[in-house]
>>> print(open('model17.cif').read())   # mmCIF, C-alpha atoms
data_structure
#
loop_
_atom_site.label_atom_id
_atom_site.label_comp_id
_atom_site.auth_asym_id
_atom_site.auth_seq_id
_atom_site.Cartn_x
_atom_site.Cartn_y
_atom_site.Cartn_z
CA ALA K 1 14.66 4.88 -4.59
CA PHE K 2 14.88 6.60 -1.26
CA ARG K 3 18.43 7.21 -0.09
CA SER K 4 19.61 7.64 3.47
CA CYS K 5 19.85 11.25 4.58
CA SER K 6 21.35 13.08 7.52
CA ARG K 7 18.33 15.21 8.30
CA GLU K 8 17.19 15.45 11.86
CA PRO K 9 13.65 14.34 12.72
CA PRO K 10 11.19 17.21 12.23
CA ALA K 11 10.61 19.15 15.41
CA ARG K 12 7.09 19.37 16.75
CA CYS K 13 5.36 22.71 16.45
CA GLY K 14 4.60 24.69 19.59
CA ALA K 15 0.92 23.77 19.60
CA CYS K 16 1.53 20.05 20.17
CA ALA K 17 4.90 20.13 21.94
CA PRO K 18 5.17 18.01 25.10
CA PRO K 19 3.36 19.71 28.01
CA SER K 20 5.29 21.42 30.74
CA PRO K 21 5.63 19.51 34.05
CA GLY K 22 2.94 21.62 35.65
CA GLY K 23 0.38 21.77 32.86
CA ARG K 24 -1.43 19.91 30.11
CA ARG K 25 -1.67 21.01 26.52
CA ALA K 26 -3.93 19.55 23.85
CA PRO K 27 -2.86 19.61 20.19
CA ALA K 28 -4.41 22.38 18.17
CA THR K 29 -6.96 21.48 15.50
CA GLY K 30 -5.23 20.28 12.33
CA CYS K 31 -1.79 20.36 13.93
CA ARG K 32 -1.66 16.65 14.67
CA ALA K 33 -2.18 15.76 11.00
CA ARG K 34 0.51 18.19 9.80
CA CYS K 35 3.10 16.88 12.25
CA ALA K 36 2.23 13.25 11.37
CA SER K 37 2.69 14.02 7.69
CA ARG K 38 6.11 15.56 8.34
CA ALA K 39 7.13 12.53 10.39
CA ARG K 40 6.09 10.14 7.62
CA MET K 41 8.10 12.10 5.05
CA TYR K 42 11.16 11.99 7.31
CA ALA K 43 10.75 8.23 7.67
CA LEU K 44 10.61 7.82 3.88
CA LEU K 45 13.68 9.98 3.34
CA SER K 46 15.56 7.94 5.94
CA LEU K 47 14.94 4.58 4.24
CA PRO K 48 17.90 2.91 2.56
CA ALA K 49 17.85 2.39 -1.19
CA ILE K 50 15.53 -0.46 -2.13
CA VAL K 51 15.71 -0.51 -5.92
CA GLY K 52 18.30 -2.33 -8.03
CA THR K 53 19.88 -5.66 -8.68
CA SER K 54 21.29 -7.89 -5.98
CA ALA K 55 24.73 -6.40 -6.59
CA ASP K 56 23.34 -2.91 -6.10
CA VAL K 57 21.45 -3.54 -2.87
CA GLY K 58 23.66 -6.28 -1.42
CA ARG K 59 20.61 -8.33 -0.43
CA PRO K 60 19.22 -11.65 -1.69
CA ILE K 61 16.39 -11.34 -4.19
CA VAL K 62 13.10 -13.13 -3.56
CA TRP K 63 10.28 -13.38 -6.09
CA SER K 64 6.66 -13.46 -4.99
CA ILE K 65 4.39 -15.03 -7.62
CA ALA K 66 0.89 -14.33 -6.33
CA GLY K 67 -2.20 -12.16 -6.50
CA SER K 68 -2.45 -8.51 -5.50
CA ASP K 69 -4.46 -7.82 -2.32
CA SER K 70 -5.75 -4.26 -2.39
CA GLY K 71 -6.26 -4.42 1.37
CA GLY K 72 -2.57 -5.19 1.93
CA GLY K 73 -3.18 -8.15 4.23
CA ALA K 74 -2.06 -10.93 1.89
CA GLY K 75 -0.71 -11.58 -1.58
CA VAL K 76 2.31 -9.81 -3.00
CA GLN K 77 1.85 -6.86 -0.61
CA ALA K 78 2.29 -9.05 2.47
CA ASP K 79 5.17 -10.94 0.83
CA LEU K 80 7.04 -7.69 0.12
CA LEU K 81 6.68 -6.59 3.72
CA THR K 82 8.04 -9.95 4.88
CA CYS K 83 10.97 -9.77 2.46
CA HIS K 84 11.88 -6.28 3.64
CA SER K 85 11.66 -7.24 7.32
CA LEU K 86 14.00 -10.20 6.71
CA GLY K 87 16.54 -8.16 4.77
CA ALA K 88 15.69 -9.39 1.27
CA HIS K 89 14.77 -7.49 -1.87
CA GLY K 90 11.30 -8.54 -3.06
CA CYS K 91 10.15 -8.72 -6.69
CA THR K 92 6.64 -9.58 -7.83
CA VAL K 93 4.90 -11.54 -10.56
CA VAL K 94 1.23 -10.58 -10.24
CA THR K 95 -1.15 -13.35 -11.26
CA ALA K 96 -4.42 -11.68 -10.29
CA LEU K 97 -5.83 -8.30 -9.30
CA THR K 98 -8.32 -8.36 -6.46
CA ALA K 99 -10.64 -5.71 -5.08
CA GLN K 100 -10.85 -6.53 -1.38
CA ASN K 101 -10.62 -5.13 2.10
CA SER K 102 -10.47 -6.55 5.60
CA VAL K 103 -14.07 -7.76 5.27
CA GLY K 104 -14.07 -9.69 2.00
CA VAL K 105 -13.25 -10.00 -1.71
CA ARG K 106 -15.43 -8.03 -4.12
CA HIS K 107 -13.79 -8.68 -7.48
CA VAL K 108 -11.01 -10.81 -9.00
CA GLU K 109 -9.42 -10.33 -12.42
CA LEU K 110 -6.85 -12.90 -13.50
CA ALA K 111 -3.64 -11.92 -15.28
CA SER K 112 -3.11 -13.35 -18.74
CA GLY K 113 -0.50 -15.96 -19.47
CA ASP K 114 1.28 -13.41 -21.68
CA SER K 115 1.52 -10.98 -18.76
CA VAL K 116 2.95 -13.61 -16.42
CA ARG K 117 5.43 -14.77 -19.06
CA ALA K 118 6.58 -11.22 -19.80
CA THR K 119 7.14 -10.53 -16.11
CA LEU K 120 9.15 -13.72 -15.67
CA HIS K 121 11.26 -12.77 -18.72
CA ALA K 122 11.92 -9.30 -17.33
CA LEU K 123 12.90 -10.44 -13.86
CA ALA K 124 15.03 -13.37 -15.02
CA ALA K 125 17.03 -11.05 -17.28
CA ASP K 126 18.02 -8.63 -14.51
CA LEU K 127 16.94 -9.76 -11.04
CA PRO K 128 17.63 -13.50 -10.67
CA PRO K 129 16.13 -14.95 -7.47
CA ARG K 130 17.70 -16.79 -4.59
CA ALA K 131 14.21 -17.97 -3.63
CA ILE K 132 10.72 -18.00 -5.16
CA LYS K 133 7.51 -17.91 -3.13
CA ILE K 134 4.39 -19.04 -5.03
CA GLY K 135 0.94 -18.14 -3.76
CA MET K 136 -2.33 -17.67 -5.63
CA LEU K 137 -1.89 -18.55 -9.31
CA GLY K 138 -5.56 -18.07 -10.11
CA GLY K 139 -5.86 -19.71 -13.52
CA GLU K 140 -4.47 -22.50 -15.65
CA ALA K 141 -2.58 -20.05 -17.90
CA SER K 142 -0.52 -18.71 -14.98
CA VAL K 143 0.12 -22.22 -13.66
CA LEU K 144 1.44 -23.36 -17.03
CA GLU K 145 3.73 -20.34 -17.38
CA VAL K 146 5.17 -20.76 -13.89
CA GLY K 147 5.60 -24.49 -14.46
CA ALA K 148 7.42 -23.85 -17.76
CA PHE K 149 9.76 -21.39 -16.07
CA LEU K 150 10.61 -23.80 -13.23
CA ALA K 151 11.15 -26.64 -15.71
CA ALA K 152 13.52 -24.50 -17.80
CA ALA K 153 15.49 -23.48 -14.71
CA GLU K 154 15.73 -27.08 -13.57
CA ALA K 155 16.86 -28.30 -17.00
CA ALA K 156 19.50 -25.60 -17.23
CA THR K 157 20.81 -26.53 -13.80
CA GLU K 158 21.17 -30.17 -14.77
CA GLU K 159 22.81 -29.26 -18.08
CA ALA K 160 25.32 -27.07 -16.25
CA GLY K 161 26.15 -29.96 -13.96
CA GLY K 162 24.77 -28.49 -10.76
CA ALA K 163 23.86 -25.22 -9.17
CA GLU K 164 26.85 -23.33 -10.59
CA GLY K 165 25.91 -21.52 -13.77
CA ALA K 166 22.24 -22.44 -13.55
CA ALA K 167 20.04 -20.48 -15.95
CA ALA K 168 16.32 -20.25 -16.56
CA GLY K 169 16.53 -21.61 -20.08
CA ALA K 170 14.87 -19.37 -22.64
CA TYR K 171 13.73 -17.04 -19.87
CA ALA K 172 17.14 -15.78 -18.82
CA ALA K 173 19.26 -13.22 -20.61
CA ARG K 174 22.12 -14.10 -18.26
CA PRO K 175 22.77 -17.13 -16.03
CA PHE K 176 21.48 -17.46 -12.50
CA ALA K 177 24.21 -17.77 -9.89
CA ALA K 178 22.34 -20.70 -8.34
CA SER K 179 19.12 -22.61 -8.74
CA PRO K 180 16.47 -20.85 -6.59
CA SER K 181 14.69 -22.52 -3.70
CA VAL K 182 10.94 -22.67 -4.39
CA VAL K 183 8.25 -22.46 -1.71
CA CYS K 184 4.61 -22.99 -2.67
CA ASP K 185 1.67 -21.91 -0.52
CA PRO K 186 -1.11 -23.28 -2.75
CA VAL K 187 -4.04 -20.85 -2.52
CA LEU K 188 -6.80 -23.17 -3.73
CA VAL K 189 -9.76 -22.60 -1.43
CA SER K 190 -11.05 -19.37 0.12
CA SER K 191 -11.96 -19.09 3.80
CA SER K 192 -15.62 -19.35 2.75
CA GLY K 193 -14.94 -22.63 0.95
CA ALA K 194 -14.97 -21.32 -2.64
CA ARG K 195 -12.56 -22.87 -5.12
CA LEU K 196 -9.92 -20.41 -6.37
CA LEU K 197 -8.36 -22.62 -9.05
CA SER K 198 -10.08 -24.60 -11.78
CA GLU K 199 -9.77 -28.36 -12.08
CA GLU K 200 -7.52 -27.87 -15.13
CA GLY K 201 -5.36 -25.45 -13.20
CA LEU K 202 -5.15 -27.82 -10.25
CA ALA K 203 -4.07 -30.68 -12.50
CA ALA K 204 -1.36 -28.47 -14.04
CA LEU K 205 -0.24 -27.40 -10.55
CA ARG K 206 0.18 -31.04 -9.49
CA SER K 207 2.14 -32.02 -12.59
CA SER K 208 4.30 -29.00 -13.40
CA VAL K 209 4.76 -26.87 -10.27
CA LEU K 210 4.61 -28.95 -7.10
CA PRO K 211 7.29 -31.52 -8.12
CA ARG K 212 9.77 -28.62 -8.41
CA CYS K 213 9.07 -27.07 -5.00
CA ARG K 214 11.32 -27.51 -2.00
CA LEU K 215 8.61 -26.65 0.52
CA LEU K 216 4.81 -26.99 0.28
CA THR K 217 2.55 -25.31 2.87
CA PRO K 218 -1.12 -26.20 2.30
CA ASN K 219 -3.80 -25.82 4.93
CA LEU K 220 -6.25 -28.65 5.57
CA ALA K 221 -8.71 -27.72 2.81
CA GLU K 222 -5.90 -27.28 0.31
CA ALA K 223 -4.29 -30.60 1.23
CA GLU K 224 -7.66 -32.29 0.72
CA ALA K 225 -8.03 -30.63 -2.69
CA LEU K 226 -4.55 -31.70 -3.77
CA LEU K 227 -5.06 -35.31 -2.67
CA GLU K 228 -8.76 -35.47 -3.61
CA ARG K 229 -9.79 -37.01 -0.31
CA ARG K 230 -10.90 -35.98 3.17
CA ILE K 231 -8.43 -35.71 6.04
CA THR K 232 -10.11 -36.17 9.40
CA THR K 233 -7.54 -37.54 11.85
CA ALA K 234 -3.99 -36.75 12.94
CA ALA K 235 -2.79 -40.01 11.40
CA GLU K 236 -4.42 -39.12 8.08
CA ALA K 237 -2.82 -35.66 8.22
CA GLU K 238 0.61 -37.20 8.77
CA ALA K 239 0.08 -39.62 5.88
CA ALA K 240 -1.09 -36.75 3.67
CA ALA K 241 2.06 -34.76 4.47
CA VAL K 242 4.26 -37.69 3.51
CA GLU K 243 2.35 -38.23 0.26
CA LEU K 244 2.45 -34.57 -0.69
#
>>> encode(input="model17.cif", output="structure tokens")
Amino acid sequence: AFRSCSREPPARCGACAPPSPGGRRAPATGCRARCASRARMYALLSLPAIVGTSADVGRPIVWSIAGSDSGGGAGVQADLLTCHSLGAHGCTVVTALTAQNSVGVRHVELASGDSVRATLHALAADLPPRAIKIGMLGGEASVLEVGAFLAAAEAATEEAGGAEGAAAGAYAARPFAASPSVVCDPVLVSSSGARLLSEEGLAALRSSVLPRCRLLTPNLAEAEALLERRITTAAEAEAAAVEL
């Protein structure tokens, strides 16, 4: 964890200091990189602490259940940036490892159901969420584990008589303060049209995950996959939203 410090920003060296009013000065070779590195280190040292439970950081905890994007443009990486910018503490449940960049995806390796279950156990025991964002689940095993977790949390909430004292069933070592809000962005179809979830996984998503989500955000192709029909008009899109 990086703690706040009282250090002053690093001063520029003489070679790349601002030019005098009557002259122009170009940075010396290699100097620009050294000064940039010093500035980055200062920025890191100036960050507030970002590790700990909700009581430690004083911020709501949000879980991102999704794939890892090595290019940083989507997946858990993008979710963590969003959480930080909105003042939340982000935790991750990685469902797939991808080798990709800004051009395309080169390789995908799905996480096992055991890995997803172990991560859910670990987070539920120490970092209970105020909200859960679900993205790419990748395979049926991950879908079933996430669905089982949401079902346990829902059952515990009902048994406790409401949000107060809600727990994640067998997953939680201590009760949740409240039942988390769940948002699902169902990553089912790639931009090239390739299916990213098997038929078995899609069926499990419909039955065990989607009914427990507060907000669902599919694009057109994903809405068509969920409903198993084409959507071609504005009226059909509105009807699809109501049905979903």
>>> closest_residue(input="model17.cif", among="K:Ala203, K:Ala141, K:Leu97, K:Cys184", to="K:Pro218", atoms="all atoms listed in the file")
K:Cys184
>>> closest_residue(input="model17.cif", among="K:Glu154, K:Asp79, K:Asp69, K:Glu200", to="K:Ala99", atoms="only C-alpha atoms")
K:Asp69
>>> closest_residue(input="model17.cif", among="K:Ala88, K:Thr217, K:Ala234, K:Leu137", to="K:Val108", atoms="only C-alpha atoms")
K:Leu137
>>> residues_around(input="model17.cif", residues="K:Glu199", least_positions_apart="4", cutoff="12 Å", atoms="all atoms listed in the file", output="list in words")
Gly138, Gly139, Glu140, Val143, Leu188, Arg195, Ala203, Ala204, Leu205, Arg206, Ala225, Leu226 and Glu228 of chain K
>>> atom_distance(input="model17.cif", atom1="atom CA of K:Pro128", atom2="atom CA of K:Pro180")
8.5 Å
>>> atom_distance(input="model17.cif", atom1="atom CA of K:Leu244", atom2="atom CA of K:Ser207")
12.2 Å
>>> closest_residue(input="model17.cif", among="K:Gly67, K:Pro129, K:Gly73, K:Pro211", to="K:Ser102", atoms="all atoms listed in the file")
K:Gly73
>>> residues_around(input="model17.cif", residues="K:Val146", least_positions_apart="4", cutoff="10 Å", atoms="all atoms listed in the file", output="VMD selection string")
chain K and resid 65 93 113 116 to 117 120 134 137 140 to 142 150 to 152 205 208 to 209
>>> atom_distance(input="model17.cif", atom1="atom CA of K:Phe149", atom2="atom CA of K:Leu220")
27.9 Å
>>> resolve_selection(input="model17.cif", expression="the PyMOL selection byres ((chain K and resi 236-239) around 12)", output="MDAnalysis selection string")
chainID K and resid 218:224 227 229:235 240:244
>>> write_last_selection(input="model17.cif", atoms="C-alpha atoms", output="PDB file, in the frame of the given file")
ATOM      1  CA  PRO K 218      -1.120 -26.200   2.300  1.00  0.00           C
ATOM      2  CA  ASN K 219      -3.800 -25.820   4.930  1.00  0.00           C
ATOM      3  CA  LEU K 220      -6.250 -28.650   5.570  1.00  0.00           C
ATOM      4  CA  ALA K 221      -8.710 -27.720   2.810  1.00  0.00           C
ATOM      5  CA  GLU K 222      -5.900 -27.280   0.310  1.00  0.00           C
ATOM      6  CA  ALA K 223      -4.290 -30.600   1.230  1.00  0.00           C
ATOM      7  CA  GLU K 224      -7.660 -32.290   0.720  1.00  0.00           C
ATOM      8  CA  LEU K 227      -5.060 -35.310  -2.670  1.00  0.00           C
ATOM      9  CA  ARG K 229      -9.790 -37.010  -0.310  1.00  0.00           C
ATOM     10  CA  ARG K 230     -10.900 -35.980   3.170  1.00  0.00           C
ATOM     11  CA  ILE K 231      -8.430 -35.710   6.040  1.00  0.00           C
ATOM     12  CA  THR K 232     -10.110 -36.170   9.400  1.00  0.00           C
ATOM     13  CA  THR K 233      -7.540 -37.540  11.850  1.00  0.00           C
ATOM     14  CA  ALA K 234      -3.990 -36.750  12.940  1.00  0.00           C
ATOM     15  CA  ALA K 235      -2.790 -40.010  11.400  1.00  0.00           C
ATOM     16  CA  ALA K 240      -1.090 -36.750   3.670  1.00  0.00           C
ATOM     17  CA  ALA K 241       2.060 -34.760   4.470  1.00  0.00           C
ATOM     18  CA  VAL K 242       4.260 -37.690   3.510  1.00  0.00           C
ATOM     19  CA  GLU K 243       2.350 -38.230   0.260  1.00  0.00           C
ATOM     20  CA  LEU K 244       2.450 -34.570  -0.690  1.00  0.00           C
TER      21      LEU K 244
END
>>> closest_residue(input="model17.cif", among="K:Ser181, K:Val187, K:Leu196, K:Ser70", to="K:Gly104", atoms="all atoms listed in the file")
K:Ser70
>>> axis_aligned_box(input="model17.cif", around="stretch 151-157 of chain K", padding_each_side="3 Å", output="JSON")
{"center_x": 16.0, "center_y": -25.9, "center_z": -15.7, "size_x": 15.7, "size_y": 10.8, "size_z": 10.2}
>>> closest_residue(input="model17.cif", among="K:Gly71, K:Lys133, K:Ala125, K:Asp185", to="K:Val103", atoms="all atoms listed in the file")
K:Gly71
